[in-house]
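One file, target22.txt, is given below (compact mmCIF, C-alpha atoms and all ligand atoms).
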```txt
# COMPACT_ATOMS: atom_id res chain seq x y z
CA MET A 1 20.45 -36.50 -2.38
CA THR A 2 21.81 -33.05 -1.58
CA THR A 3 19.56 -30.23 -0.44
CA PRO A 4 19.70 -27.21 -2.81
CA THR A 5 21.25 -24.23 -1.06
CA ASN A 6 20.26 -20.62 -1.50
CA PRO A 7 23.42 -18.58 -2.25
CA PHE A 8 21.67 -15.46 -0.91
CA ALA A 9 20.48 -17.08 2.33
CA ALA A 10 23.13 -15.24 4.31
CA LEU A 11 21.92 -11.94 2.86
CA ARG A 12 18.20 -12.45 3.23
CA ASN A 13 17.25 -13.06 6.83
CA ASP A 14 14.17 -15.03 5.74
CA ASN A 15 15.97 -17.16 3.13
CA ARG A 16 14.28 -15.52 0.11
CA GLN A 17 15.80 -15.12 -3.33
CA PRO A 18 16.66 -11.48 -4.18
CA ASP A 19 13.71 -11.30 -6.61
CA GLN A 20 11.17 -12.90 -4.28
CA LEU A 21 8.26 -11.13 -2.59
CA ARG A 22 7.39 -12.03 0.98
CA PRO A 23 4.42 -14.43 1.31
CA LEU A 24 1.33 -12.42 0.49
CA ALA A 25 -2.19 -12.99 1.79
CA PHE A 26 -5.44 -11.03 1.65
CA THR A 27 -8.41 -11.53 3.99
CA PRO A 28 -11.37 -9.68 2.44
CA HIS A 29 -14.19 -8.15 4.56
CA PHE A 30 -11.92 -7.98 7.64
CA ALA A 31 -13.75 -4.88 8.96
CA PRO A 32 -17.42 -5.54 8.15
CA HIS A 33 -18.72 -2.05 8.94
CA ALA A 34 -16.49 -0.47 6.28
CA THR A 35 -17.95 -0.36 2.77
CA GLY A 36 -14.98 -2.50 1.66
CA SER A 37 -12.06 -3.89 3.64
CA VAL A 38 -9.17 -6.31 3.60
CA LEU A 39 -6.37 -7.44 5.89
CA VAL A 40 -3.20 -7.58 3.81
CA ALA A 41 -0.25 -9.60 5.03
CA SER A 42 3.16 -9.28 3.41
CA GLY A 43 5.35 -11.57 5.49
CA ASP A 44 5.21 -10.20 9.04
CA THR A 45 3.81 -6.84 7.94
CA ARG A 46 0.03 -6.77 8.35
CA VAL A 47 -2.24 -3.84 7.60
CA ILE A 48 -6.01 -3.46 7.92
CA CYS A 49 -7.20 -1.46 4.91
CA SER A 50 -10.72 -0.15 4.64
CA ALA A 51 -12.64 2.01 2.19
CA THR A 52 -15.73 3.80 3.44
CA ILE A 53 -18.04 5.99 1.41
CA GLN A 54 -19.61 9.10 2.91
CA PRO A 55 -22.23 11.04 0.94
CA GLU A 56 -20.50 14.44 1.07
CA VAL A 57 -17.56 16.30 -0.49
CA PRO A 58 -15.13 18.80 1.11
CA ARG A 59 -16.38 22.39 1.38
CA TRP A 60 -13.76 23.69 -1.06
CA MET A 61 -15.16 21.40 -3.76
CA LYS A 62 -18.67 22.71 -3.21
CA GLU A 63 -17.48 26.34 -3.13
CA GLN A 64 -15.43 25.95 -6.32
CA ARG A 65 -18.20 23.84 -7.93
CA VAL A 66 -15.73 21.03 -8.65
CA PRO A 67 -17.77 18.12 -10.07
CA GLY A 68 -17.49 14.54 -8.81
CA GLY A 69 -16.24 13.19 -5.51
CA TRP A 70 -13.13 13.11 -3.34
CA LEU A 71 -10.78 10.51 -1.92
CA THR A 72 -8.72 10.93 1.19
CA ALA A 73 -6.47 8.55 3.13
CA GLU A 74 -5.42 8.09 6.74
CA TYR A 75 -2.54 5.90 7.97
CA SER A 76 -1.60 4.92 11.47
CA MET A 77 0.44 2.32 13.29
CA LEU A 78 -1.36 0.65 16.17
CA PRO A 79 0.61 1.06 19.44
CA TYR A 80 1.41 -2.67 19.54
CA SER A 81 2.38 -2.94 15.85
CA THR A 82 6.04 -2.21 16.59
CA LEU A 83 8.58 -3.97 18.81
CA ASP A 84 8.59 -1.03 21.24
CA ARG A 85 5.13 0.35 21.97
CA LYS A 86 4.44 3.35 19.74
CA PRO A 87 2.17 5.87 21.47
CA ARG A 88 -0.93 6.90 19.52
CA ASP A 89 -0.61 10.30 17.82
CA ILE A 90 -3.64 11.54 19.76
CA SER A 91 -1.74 11.09 23.04
CA LYS A 92 0.97 13.41 21.67
CA GLY A 93 -1.62 15.88 20.37
CA LYS A 94 -0.39 15.81 16.77
CA LEU A 95 0.05 13.56 13.75
CA ASP A 96 3.71 12.61 13.32
CA GLY A 97 5.51 13.71 10.17
CA ARG A 98 6.05 10.15 8.93
CA SER A 99 2.34 9.24 9.18
CA SER A 100 1.35 12.44 7.43
CA GLU A 101 3.83 11.77 4.57
CA ILE A 102 2.58 8.18 4.22
CA GLN A 103 -1.10 9.03 4.18
CA ARG A 104 -0.54 11.64 1.51
CA LEU A 105 1.31 9.01 -0.56
CA ILE A 106 -1.58 6.54 -0.14
CA GLY A 107 -4.08 9.22 -1.18
CA ARG A 108 -2.08 10.14 -4.30
CA ALA A 109 -1.71 6.48 -5.27
CA LEU A 110 -5.43 5.78 -4.99
CA ARG A 111 -6.43 9.00 -6.73
CA ALA A 112 -4.40 7.84 -9.74
CA ALA A 113 -6.59 4.73 -9.89
CA VAL A 114 -10.01 6.18 -9.13
CA ASP A 115 -12.12 8.29 -11.48
CA LEU A 116 -13.29 10.94 -9.00
CA ARG A 117 -16.03 12.16 -11.36
CA ALA A 118 -17.54 8.67 -11.42
CA LEU A 119 -17.65 8.71 -7.58
CA GLY A 120 -20.58 11.17 -7.60
CA GLN A 121 -20.85 13.66 -4.73
CA ASN A 122 -19.21 11.22 -2.33
CA THR A 123 -15.95 11.00 -0.39
CA LEU A 124 -14.08 7.72 -0.25
CA TRP A 125 -12.22 7.44 3.06
CA VAL A 126 -9.29 5.07 2.83
CA ASP A 127 -8.05 4.00 6.28
CA CYS A 128 -4.86 1.98 6.70
CA ASP A 129 -4.08 0.74 10.22
CA VAL A 130 -0.88 -1.20 10.74
CA LEU A 131 -1.47 -4.24 12.93
CA GLN A 132 2.10 -5.52 12.70
CA ALA A 133 5.08 -3.66 11.22
CA ASP A 134 8.09 -5.34 9.66
CA GLY A 135 9.02 -2.90 6.88
CA GLY A 136 6.99 -1.93 3.83
CA THR A 137 3.90 -0.79 5.70
CA ARG A 138 3.26 2.06 3.24
CA THR A 139 3.51 -0.20 0.19
CA ALA A 140 1.30 -2.90 1.77
CA SER A 141 -1.19 -0.13 2.66
CA ILE A 142 -1.45 0.98 -0.98
CA THR A 143 -1.78 -2.58 -2.30
CA GLY A 144 -4.46 -3.39 0.30
CA ALA A 145 -6.30 -0.07 -0.03
CA CYS A 146 -6.79 -0.72 -3.72
CA VAL A 147 -8.42 -4.09 -2.97
CA ALA A 148 -10.61 -2.54 -0.24
CA SER A 149 -11.71 0.20 -2.67
CA ALA A 150 -12.56 -2.30 -5.41
CA LEU A 151 -14.72 -4.25 -2.92
CA ALA A 152 -16.38 -1.05 -1.70
CA PHE A 153 -17.28 -0.03 -5.27
CA GLU A 154 -18.70 -3.47 -6.04
CA LYS A 155 -20.89 -3.26 -2.92
CA LEU A 156 -22.20 0.17 -3.99
CA ILE A 157 -22.94 -1.10 -7.50
CA ARG A 158 -24.95 -3.96 -6.01
CA ALA A 159 -26.81 -1.51 -3.78
CA GLY A 160 -27.69 0.57 -6.85
CA GLN A 161 -25.67 3.55 -5.56
CA LEU A 162 -23.11 3.47 -8.38
CA ALA A 163 -23.70 2.63 -12.05
CA LYS A 164 -20.17 1.37 -12.65
CA SER A 165 -16.92 1.04 -10.75
CA PRO A 166 -14.89 4.28 -10.57
CA LEU A 167 -11.73 2.14 -10.44
CA LYS A 168 -9.87 2.82 -13.71
CA THR A 169 -6.94 0.53 -12.96
CA LEU A 170 -5.42 -1.32 -10.04
CA VAL A 171 -2.47 0.20 -8.18
CA ALA A 172 0.08 -1.88 -6.32
CA ALA A 173 3.25 -0.93 -4.46
CA THR A 174 6.44 -2.59 -3.29
CA SER A 175 9.93 -1.70 -2.21
CA VAL A 176 13.29 -2.49 -3.73
CA GLY A 177 16.73 -1.78 -2.43
CA VAL A 178 20.40 -2.63 -2.43
CA VAL A 179 21.65 -4.65 0.54
CA GLU A 180 25.36 -5.46 0.73
CA GLY A 181 25.68 -4.64 -2.96
CA VAL A 182 22.80 -6.92 -4.06
CA PRO A 183 19.59 -5.43 -5.50
CA MET A 184 16.60 -6.98 -3.73
CA LEU A 185 12.82 -6.95 -3.90
CA ASP A 186 10.44 -6.22 -1.00
CA LEU A 187 12.68 -5.41 1.95
CA ASN A 188 11.64 -6.43 5.45
CA TYR A 189 12.63 -4.26 8.43
CA GLY A 190 15.91 -6.08 9.06
CA GLU A 191 16.91 -5.60 5.41
CA ASP A 192 15.62 -2.04 5.28
CA LYS A 193 17.96 -1.12 8.17
CA GLU A 194 20.95 -2.60 6.29
CA ALA A 195 20.06 -1.22 2.84
CA SER A 196 22.36 1.30 1.18
CA VAL A 197 19.54 2.21 -1.23
CA ASP A 198 15.84 2.08 -0.49
CA MET A 199 13.12 2.72 -3.07
CA ASN A 200 9.33 2.53 -3.08
CA LEU A 201 7.49 1.89 -6.34
CA VAL A 202 3.80 2.52 -6.97
CA MET A 203 2.53 1.27 -10.33
CA THR A 204 -0.70 0.70 -12.24
CA GLU A 205 -1.92 -2.38 -14.10
CA GLU A 206 -0.37 -0.93 -17.26
CA LEU A 207 2.95 -0.94 -15.35
CA ALA A 208 2.99 2.85 -15.51
CA PHE A 209 4.57 4.64 -12.55
CA VAL A 210 2.39 6.55 -10.14
CA GLU A 211 5.27 7.32 -7.82
CA LEU A 212 8.91 6.40 -7.46
CA GLN A 213 10.65 7.33 -4.21
CA GLY A 214 14.28 6.34 -4.05
CA SER A 215 17.23 7.50 -2.04
CA GLY A 216 20.69 6.39 -1.11
CA GLU A 217 21.08 6.01 2.65
CA GLU A 218 24.54 7.55 3.19
CA ALA A 219 25.34 6.03 -0.22
CA VAL A 220 24.83 6.60 -3.93
CA PHE A 221 23.57 4.28 -6.65
CA SER A 222 24.47 3.71 -10.28
CA ASP A 223 22.35 3.57 -13.47
CA GLU A 224 22.93 -0.15 -13.50
CA GLU A 225 21.68 -0.63 -9.94
CA LEU A 226 18.67 1.55 -10.71
CA ALA A 227 17.85 -0.58 -13.77
CA SER A 228 18.16 -3.79 -11.69
CA MET A 229 15.91 -2.37 -8.98
CA LEU A 230 13.28 -1.30 -11.52
CA ALA A 231 13.31 -4.76 -13.14
CA LEU A 232 12.84 -6.38 -9.71
CA GLY A 233 10.10 -3.90 -8.90
CA ARG A 234 8.19 -4.65 -12.12
CA LYS A 235 8.35 -8.37 -11.38
CA GLY A 236 7.03 -7.82 -7.88
CA ILE A 237 4.27 -5.46 -9.02
CA ARG A 238 3.06 -8.00 -11.62
CA GLU A 239 2.77 -10.62 -8.87
CA LEU A 240 1.03 -8.20 -6.53
CA LEU A 241 -1.47 -7.27 -9.26
CA ALA A 242 -2.27 -10.95 -9.88
CA ALA A 243 -2.81 -11.49 -6.14
CA GLN A 244 -5.00 -8.36 -5.94
CA ARG A 245 -7.18 -9.61 -8.81
CA ALA A 246 -7.61 -12.98 -7.07
CA ALA A 247 -8.43 -11.28 -3.73
CA ILE A 248 -10.99 -8.98 -5.37
CA ALA A 249 -12.64 -11.94 -7.13
CA ALA A 250 -12.72 -13.94 -3.87
CA GLY A 251 -14.08 -10.91 -1.99
CA ILE A 252 -16.81 -10.31 -4.58
CA ALA A 253 -17.78 -13.99 -4.49
CA THR A 254 -18.44 -13.75 -0.76
CA LEU A 255 -20.21 -10.37 -0.76
CA CYS A 256 -23.68 -10.58 0.67
CA ALA A 257 -26.26 -9.94 -2.07
N1 LIG B 301 9.21 1.40 12.41
C1 LIG B 301 8.99 1.30 13.78
N2 LIG B 301 8.54 2.41 14.45
C2 LIG B 301 8.30 3.60 13.81
C3 LIG B 301 8.52 3.68 12.42
C4 LIG B 301 8.98 2.56 11.76
O1 LIG B 301 9.18 0.25 14.37
O2 LIG B 301 7.88 4.57 14.46
C5 LIG B 301 9.69 0.19 11.69
C6 LIG B 301 8.53 -0.62 11.15
O3 LIG B 301 8.85 -2.00 11.16
C7 LIG B 301 8.44 -0.10 9.74
C8 LIG B 301 9.92 0.01 9.42
O4 LIG B 301 10.48 0.58 10.59
O5 LIG B 301 7.73 -0.98 8.88
C9 LIG B 301 10.29 0.85 8.22
O6 LIG B 301 9.74 2.13 8.39
P1 LIG B 301 9.66 3.17 7.20
O7 LIG B 301 9.48 4.53 7.80
O8 LIG B 301 10.77 2.96 6.23
O9 LIG B 301 8.25 2.81 6.49
P2 LIG B 301 7.67 1.48 5.84
O10 LIG B 301 8.83 0.69 5.29
O11 LIG B 301 6.94 0.74 6.94
O12 LIG B 301 6.74 1.96 4.78
```

In structure tokens, write the structure found in this file.
Amino acid sequence: MTTPTNPFAALRNDNRQPDQLRPLAFTPHFAPHATGSVLVASGDTRVICSATIQPEVPRWMKEQRVPGGWLTAEYSMLPYSTLDRKPRDISKGKLDGRSSEIQRLIGRALRAAVDLRALGQNTLWVDCDVLQADGGTRTASITGACVASALAFEKLIRAGQLAKSPLKTLVAATSVGVVEGVPMLDLNYGEDKEASVDMNLVMTEELAFVELQGSGEEAVFSDEELASMLALGRKGIRELLAAQRAAIAAGIATLCA
């Protein structure tokens, strides 16, 4: 009997098919003091995502009498998450531009999914801390943060602090790109470095776009390549959404009453 060979094995350093996500795993309640939390693993990228409710809203909301609550996100890479130690931002005295861009993206993604009015006069803090980075930390953060938020809301409903979940839809995110002329789903770091096109997709359960960030890296891309990348992205997002639903159900099943 012959062993089936993967024609793209030489292209994908982890032997995946071009349309295959990295192995995905969620560990709910990873940070027990957060209202909701999960460790999300996408291959060798691992991010701790937590959602914590605080009973206050920013001053500008109070001053402008904006009803409902607020949601804000923070992202950071732990010093030992990268191959070379990455100093904490605090030791440099300022947040780096990349972290600031990523946390704003996470905030926008989650705000598309959460009904802020239904939050009441509360702020939902979404914290994403990268434990291990191998590409796609921002997309894993969004996918995990949505699960952490769903678990946080369920806990508040059980505690009688919310009447119903403010989560209108799930949001999930993945990357797509073109490596050596082949459109591929969910790039790891090695692939990301080689990609001529790199794109991040954030989508809802209705497969509507929340955000689409794509750029050629010293290259351009065609309509056809864009269509292939979007098709791969939709496939990946569907799988991520199914995994999120399973993780939320498992997390709810093990919530303390
Ligand atoms: N990376 C790193 N140090 C940094 C920034 C990035 O080692 O200061 C690596 C890390 O593996 C990360 C990857 O480069 O996941 C790709 O980074 P990018 O800025 O494209 O963001 P990401 O793909 O993680 O969302």

Throw together the list of residues within 9 Å of ligand LIG 301 (chain B), counting only C-alpha atoms and all ligand atoms, and drop it here as a PDB file with C-alpha atoms, in the frame of the given file.
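Output file out00.pdb is given in full below:
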```pdb
ATOM      1  CA  THR A  45       3.810  -6.840   7.940  1.00  0.00           C
ATOM      2  CA  MET A  77       0.440   2.320  13.290  1.00  0.00           C
ATOM      3  CA  SER A  81       2.380  -2.940  15.850  1.00  0.00           C
ATOM      4  CA  THR A  82       6.040  -2.210  16.590  1.00  0.00           C
ATOM      5  CA  LEU A  83       8.580  -3.970  18.810  1.00  0.00           C
ATOM      6  CA  ASP A  84       8.590  -1.030  21.240  1.00  0.00           C
ATOM      7  CA  ARG A  85       5.130   0.350  21.970  1.00  0.00           C
ATOM      8  CA  LYS A  86       4.440   3.350  19.740  1.00  0.00           C
ATOM      9  CA  ARG A  98       6.050  10.150   8.930  1.00  0.00           C
ATOM     10  CA  SER A  99       2.340   9.240   9.180  1.00  0.00           C
ATOM     11  CA  ILE A 102       2.580   8.180   4.220  1.00  0.00           C
ATOM     12  CA  VAL A 130      -0.880  -1.200  10.740  1.00  0.00           C
ATOM     13  CA  GLN A 132       2.100  -5.520  12.700  1.00  0.00           C
ATOM     14  CA  ALA A 133       5.080  -3.660  11.220  1.00  0.00           C
ATOM     15  CA  ASP A 134       8.090  -5.340   9.660  1.00  0.00           C
ATOM     16  CA  GLY A 135       9.020  -2.900   6.880  1.00  0.00           C
ATOM     17  CA  GLY A 136       6.990  -1.930   3.830  1.00  0.00           C
ATOM     18  CA  THR A 137       3.900  -0.790   5.700  1.00  0.00           C
ATOM     19  CA  ARG A 138       3.260   2.060   3.240  1.00  0.00           C
ATOM     20  CA  THR A 139       3.510  -0.200   0.190  1.00  0.00           C
ATOM     21  CA  ALA A 140       1.300  -2.900   1.770  1.00  0.00           C
ATOM     22  CA  SER A 141      -1.190  -0.130   2.660  1.00  0.00           C
ATOM     23  CA  SER A 175       9.930  -1.700  -2.210  1.00  0.00           C
ATOM     24  CA  LEU A 187      12.680  -5.410   1.950  1.00  0.00           C
ATOM     25  CA  ASN A 188      11.640  -6.430   5.450  1.00  0.00           C
ATOM     26  CA  TYR A 189      12.630  -4.260   8.430  1.00  0.00           C
ATOM     27  CA  GLY A 190      15.910  -6.080   9.060  1.00  0.00           C
ATOM     28  CA  ASP A 192      15.620  -2.040   5.280  1.00  0.00           C
ATOM     29  CA  LYS A 193      17.960  -1.120   8.170  1.00  0.00           C
ATOM     30  CA  ASP A 198      15.840   2.080  -0.490  1.00  0.00           C
ATOM     31  CA  ASN A 200       9.330   2.530  -3.080  1.00  0.00           C
TER      32      ASN A 200
END
```

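Nearest-residue note for Leu255 of chain A: choosing from A:Asn122, A:Gln54, A:Ser37, A:Asn13, the minimum distance belongs to A:Ser37, counting all atoms listed in the file.
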
TODO: Counting all atoms listed in the file, figure out which residue out of A:Arg59, A:Ala249, A:Ala118, A:Ala243 gets nearest to Leu21 of chain A.
DONE: A:Ala243

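Among A:Leu207, A:Ala163, A:Gln121, A:Glu191, the residue with the shortest atom-to-atom distance to Glu239 of chain A, counting only C-alpha atoms, is A:Leu207.
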
Task: Residue neighbourhood Ala152 of chain A, 12 Å, all atoms listed in the file, exclusion window fewer than 5 positions, as a ChimeraX atom specification - done: /A:28-29,31-38,49-54,119,124-126,145-147,157-159,161-162,164-167,248,251-252,255

Go ahead and save the picked residues with C-alpha atoms, as an mmCIF file, in the coordinates of the input.
```
data_model
loop_
_atom_site.group_PDB
_atom_site.id
_atom_site.type_symbol
_atom_site.label_atom_id
_atom_site.label_comp_id
_atom_site.auth_asym_id
_atom_site.auth_seq_id
_atom_site.Cartn_x
_atom_site.Cartn_y
_atom_site.Cartn_z
ATOM 1 C CA PRO A 28 -11.370 -9.680 2.440
ATOM 2 C CA HIS A 29 -14.190 -8.150 4.560
ATOM 3 C CA ALA A 31 -13.750 -4.880 8.960
ATOM 4 C CA PRO A 32 -17.420 -5.540 8.150
ATOM 5 C CA HIS A 33 -18.720 -2.050 8.940
ATOM 6 C CA ALA A 34 -16.490 -0.470 6.280
ATOM 7 C CA THR A 35 -17.950 -0.360 2.770
ATOM 8 C CA GLY A 36 -14.980 -2.500 1.660
ATOM 9 C CA SER A 37 -12.060 -3.890 3.640
ATOM 10 C CA VAL A 38 -9.170 -6.310 3.600
ATOM 11 C CA CYS A 49 -7.200 -1.460 4.910
ATOM 12 C CA SER A 50 -10.720 -0.150 4.640
ATOM 13 C CA ALA A 51 -12.640 2.010 2.190
ATOM 14 C CA THR A 52 -15.730 3.800 3.440
ATOM 15 C CA ILE A 53 -18.040 5.990 1.410
ATOM 16 C CA GLN A 54 -19.610 9.100 2.910
ATOM 17 C CA LEU A 119 -17.650 8.710 -7.580
ATOM 18 C CA LEU A 124 -14.080 7.720 -0.250
ATOM 19 C CA TRP A 125 -12.220 7.440 3.060
ATOM 20 C CA VAL A 126 -9.290 5.070 2.830
ATOM 21 C CA ALA A 145 -6.300 -0.070 -0.030
ATOM 22 C CA CYS A 146 -6.790 -0.720 -3.720
ATOM 23 C CA VAL A 147 -8.420 -4.090 -2.970
ATOM 24 C CA ILE A 157 -22.940 -1.100 -7.500
ATOM 25 C CA ARG A 158 -24.950 -3.960 -6.010
ATOM 26 C CA ALA A 159 -26.810 -1.510 -3.780
ATOM 27 C CA GLN A 161 -25.670 3.550 -5.560
ATOM 28 C CA LEU A 162 -23.110 3.470 -8.380
ATOM 29 C CA LYS A 164 -20.170 1.370 -12.650
ATOM 30 C CA SER A 165 -16.920 1.040 -10.750
ATOM 31 C CA PRO A 166 -14.890 4.280 -10.570
ATOM 32 C CA LEU A 167 -11.730 2.140 -10.440
ATOM 33 C CA ILE A 248 -10.990 -8.980 -5.370
ATOM 34 C CA GLY A 251 -14.080 -10.910 -1.990
ATOM 35 C CA ILE A 252 -16.810 -10.310 -4.580
ATOM 36 C CA LEU A 255 -20.210 -10.370 -0.760
#
```

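Counting from atom CA of Ala172 of chain A, the distance to atom CA of Thr143 of chain A is 4.5 Å.
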
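Atom CA of Ile90 of chain A sits 29.3 Å away from atom CA of Glu211 of chain A.
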
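Checking A:Trp70, A:Tyr80, A:Phe153, A:Tyr75 one by one against Gly120 of chain A, counting all atoms listed in the file, you find the shortest gap at A:Trp70.
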
Task: Atomic separation - atom CA of Met61 of chain A relative to atom CA of Leu116 of chain A, Å - done: 11.8 Å

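When only C-alpha atoms are used to compute distances to Gln103 of chain A, the closest of the residues A:Leu71, A:Ala219, A:Ala41, A:Ala247 turns out to be A:Leu71.
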
Please return segment 130-142 of chain A, rebuilt to N, CA, C and O atoms, as a tab-separated table (two decimals), in the coordinates of the input.
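Full text of rebuild11.tsv as output:
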```tsv
chain	number	residue	atom	x	y	z
A	130	VAL	N	-1.91	-0.15	10.70
A	130	VAL	CA	-0.88	-1.20	10.74
A	130	VAL	C	-1.06	-2.02	12.02
A	130	VAL	O	-1.00	-1.49	13.12
A	131	LEU	N	-1.28	-3.31	11.81
A	131	LEU	CA	-1.47	-4.24	12.93
A	131	LEU	C	-0.11	-4.77	13.39
A	131	LEU	O	0.13	-4.99	14.57
A	132	GLN	N	0.77	-4.98	12.42
A	132	GLN	CA	2.10	-5.52	12.70
A	132	GLN	C	3.06	-4.93	11.66
A	132	GLN	O	2.78	-5.01	10.46
A	133	ALA	N	4.16	-4.34	12.14
A	133	ALA	CA	5.08	-3.66	11.22
A	133	ALA	C	6.39	-4.43	11.12
A	133	ALA	O	7.02	-4.73	12.13
A	134	ASP	N	6.77	-4.74	9.89
A	134	ASP	CA	8.09	-5.34	9.66
A	134	ASP	C	8.65	-4.82	8.33
A	134	ASP	O	9.10	-5.60	7.49
A	135	GLY	N	8.54	-3.50	8.13
A	135	GLY	CA	9.02	-2.90	6.88
A	135	GLY	C	7.95	-2.96	5.80
A	135	GLY	O	7.17	-3.91	5.74
A	136	GLY	N	7.92	-1.93	4.96
A	136	GLY	CA	6.99	-1.93	3.83
A	136	GLY	C	5.54	-1.73	4.22
A	136	GLY	O	4.64	-2.20	3.53
A	137	THR	N	5.30	-0.99	5.31
A	137	THR	CA	3.90	-0.79	5.70
A	137	THR	C	3.19	0.15	4.73
A	137	THR	O	2.01	0.00	4.47
A	138	ARG	N	3.93	1.12	4.17
A	138	ARG	CA	3.26	2.06	3.24
A	138	ARG	C	2.91	1.36	1.94
A	138	ARG	O	1.85	1.60	1.36
A	139	THR	N	3.80	0.47	1.47
A	139	THR	CA	3.51	-0.20	0.19
A	139	THR	C	2.38	-1.23	0.38
A	139	THR	O	1.49	-1.34	-0.45
A	140	ALA	N	2.39	-1.95	1.50
A	140	ALA	CA	1.30	-2.90	1.77
A	140	ALA	C	-0.02	-2.14	1.90
A	140	ALA	O	-1.07	-2.61	1.45
A	141	SER	N	0.03	-0.94	2.50
A	141	SER	CA	-1.19	-0.13	2.66
A	141	SER	C	-1.79	0.20	1.29
A	141	SER	O	-3.00	0.09	1.10
A	142	ILE	N	-0.95	0.61	0.35
A	142	ILE	CA	-1.45	0.98	-0.98
A	142	ILE	C	-2.05	-0.25	-1.68
A	142	ILE	O	-3.16	-0.20	-2.22
```
